[in-house]
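Asks: Here you go, one structure.
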Amino acid sequence: MDLEDAPEEAAFRAEARAWIAANAPHHLREELANASFGHLDLKAGDVIAEAKGWQRKKADAGWACLAWPEKFGGRGGGQIESVIWGQEEGVFARLFAPFMVSQGSLGPTLMAWGTEEQQERLLPPIIMGDEIWCQLFSEPSAGSDLAGIRTRAARTGDGDWILNGQKIWTSGAQEADWGVIITRTDPAVPKHRGLTMFFVDMRSAGIEIRPIRQITDQRHVNEVFFVDVALPDANRIGPEGGGWKVALTMLMNERITVGSHMPTGIDELWDLAANLSDGEGRALDDPAIHSRLADYAARANGLKFTYYRGLTALSQGQEPGPEMSIMKLVAATTTQEVAQLAVDLQGFAGTVRDAGINQDDDRFQMLLLRAAGTRIEGGTDQIMRTIIAERVLGLPQDLRADKNLPFNAIPTAGAA
C-alpha cells in the first residue's frame with residue numbers, strides 16, 4: 001500500500017495548506033486546540049459568529065462541502081480530497097460544530113429527497129453557513145423508538161398543515177433558524193408508514209424552546225413545544241407518509257458525521273499516559289495500560305477507514321448504508337472508555353473538575369460526564385446493534401408485536 005500522496009493529491013494538499021495558512025482564524029488556534037471535548041465555548045469570540053465567518057470564507061473560495069456534487073454547490077471532490085482537507089484544516093475543523101445538522105445530514109438528505117425548489121432555496125445558505133439548523137426527532141414518549149413519535153401534523157382546509165407536539169434533547173435549537181422535523185400525519189396505519197418529514201421556521205408563532213441543564217452544566221440541548229404551528233405543504237420533504245425513508249437517509253448521514261467528528265480523546269490519552277508518572281514510571285510504560293492504548297489505536301484506524309467508505313459512497317452519489325451504524329457505535333463506546341481510563345489514571349485528581357488540579361485541564365472529566373449522552377444521541381447502542389445485526393449481518397429480525405398494528409391501536413400505558 002502506497003501511503004504517499006499522488007502528484008495531483010500533493011498539489012491539492014499544497015493548495016489547501018497555503019489557503020488555510022493565509023485565511024484561517026489563527027487568533028482562535030490555541031482555544032480551539034484546548035477546548036473541552038465535544039463542546040466549544042470561545043473566550044476570544046462568539047462561537048456562532050466565528051463559525052459562520054470561517055464557513056463563509058471557505059464557501060467563497062470553493063473549499064466548502066468538497067464532496068457535494070457541483071450542481072448542488074459543492075466542489076464535486078472525492079474521498080481523498082475530503083480527507084486531505086480535513087488533515088490540513090486541523091483544529092479549525094472544530095468550527096464545523098454548528099453545521100453538523102445542516103451540512104452533515106440535512107444537505108445530503110435534501111439532495112436525495114428534496115424538490116428542485118427546496119434544493120435551490122435551502123442548499124446555498126447551508127453551504128455559506130448563513131443558516132443554522134436543528135434536528136427535531138426525539139420525543140419523551142417514544143424513547144429509542146423513532147417510529148413511535150406522537151408529534152402530529154394535521155391537514156388544514158387549504159392543504160397546508162398545523163403542527164402540535166413536543167420534541168426533546170434537540171441540540172442547538174435555541175440557536176437554530178430552521179428545524180427538520182418528523183411528524184405523524186396518519187395514526188390509522190402502522191407506525192412506520194404514517195410519518196412525514198418537514199422543515200419548520202424556528203421563529204414561527206407557537207414554538208417554545210426550553211434549554212435543559214445537563215450534568216456538565218451546559219445547556220446545549222433543549223425541549224421544544226409546538227402549539228398550532230402553521231406549516232406550509234411546501235415545507236414537506238419527500239412524500240406524505242414517506243417520512244420514515246427520509247429519516248433513514250438523514251440518520252445514516254448523521255452517523256457518518258457524528259462518528260467522524262466525535263472527539264474520542266484517543267490521541268490526547270496517549271499524550272496523558274506519556275506524561276503522567278506515579279513515581280515509578282510513566283503510565284505509558286505499564287503493559288496493561290499500553291495494551292489498552294493499542295486497542296484504542298486499532299479502533300481509531302477502524303473508524304477512520306469506515307469513514308472513508310462513507311465518504312466514497314457520498315462522492316459517488318450513493319446514500320450511506322447501515323454499516324455506518326458500526327462507526328457510531330464504536331466511536332461512542334470508545335469515547336466513554338477512553339474518558340474513564342484517563343480519569344482513573346489521574347487518581348484522586350480525577351474525581352474533581354478543576355483545571356488547576358487535573359491533568360489536561362479537566363477535559364477528560366468533562367468528556368466522561370458527556371460520554372453517556374453520546375451513546376444515546378443519533379441512536380442508542382442497542383438500536384445500533386440491532387441495525388448491524390439485521391441489516392449488515394443479515395440475522396433474523398427481532399420480534400415486534402406492534403409491527404402490523406395501526407399506530408392508534410397500539411396499547412399505551414394506562415390504557416384499559
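We name chains A, B, ... following the order of the C-alpha cells; residues begin at 1 in each chain, and ligands are numbered from 1 as shown.
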Check which residues of range 226-300 of chain A sit at most 9 Å from range 164-176 of chain A using only C-alpha atoms, and return one row each with the closest pair of atoms and their distance in Å to one decimal, ordered by chain and rising number, as a tab-separated table.

Replies:
residue	atom	partner	partner_atom	distance
A:Phe226	CA	A:Asn164	CA	4.8
A:Val227	CA	A:Asn164	CA	4.9
A:Asp228	CA	A:Asn164	CA	5.5
A:Val229	CA	A:Asn164	CA	6.7

Asks: When you look at range 305-307 of chain A with a cut-off of 9 Å (counting only C-alpha atoms), what residues show up, excluding the ones that are within fewer than 5 positions of it in the same chain? I need them as a list in words.

Replies: Ile256, Thr257, Gly259, Ser260, Ala300, Thr312, Glu323, Met324, Ile326 and Met327 of chain A

Asks: Could you pull the residues within 8 Å of range 72-85 of chain A, counting only C-alpha atoms, minus those fewer than 6 positions along the same chain, as a short mmCIF file (atom, residue, chain, number, x, y, z; two decimals) with C-alpha atoms, in the first residue's frame?

Replies:
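Saved as out-v2.cif:
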data_model
loop_
_atom_site.label_atom_id
_atom_site.label_comp_id
_atom_site.auth_asym_id
_atom_site.auth_seq_id
_atom_site.Cartn_x
_atom_site.Cartn_y
_atom_site.Cartn_z
CA GLU A 9 -3.03 14.86 -4.39
CA PHE A 12 -4.24 19.68 -3.83
CA ARG A 13 -2.68 19.42 -0.36
CA ALA A 16 -5.26 23.69 0.65
CA GLY A 62 -14.67 26.96 -3.13
CA TRP A 63 -13.48 24.94 -0.12
CA ALA A 64 -16.87 24.21 1.45
CA CYS A 65 -18.71 20.88 1.14
CA LEU A 66 -15.97 19.42 -1.03
CA MET A 111 -30.20 16.13 -2.43
CA GLN A 119 -32.68 22.48 -3.08
CA LEU A 123 -28.67 24.35 -0.05
CA PRO A 124 -26.84 27.63 -0.87
CA ILE A 127 -23.02 25.86 2.16
CA TYR A 308 -13.57 6.83 4.20
CA LEU A 311 -17.22 9.46 2.00
CA THR A 312 -16.67 7.26 -1.04
CA SER A 315 -18.78 11.21 -3.58
CA GLN A 316 -20.23 8.61 -5.99
#

Asks: What's the 10 Å shell around Phe348 in chain A, counting only C-alpha atoms, without same-chain residues fewer than 4 positions away, as a PyMOL selection string?

Replies: chain A and resi 343-344+352+357-358
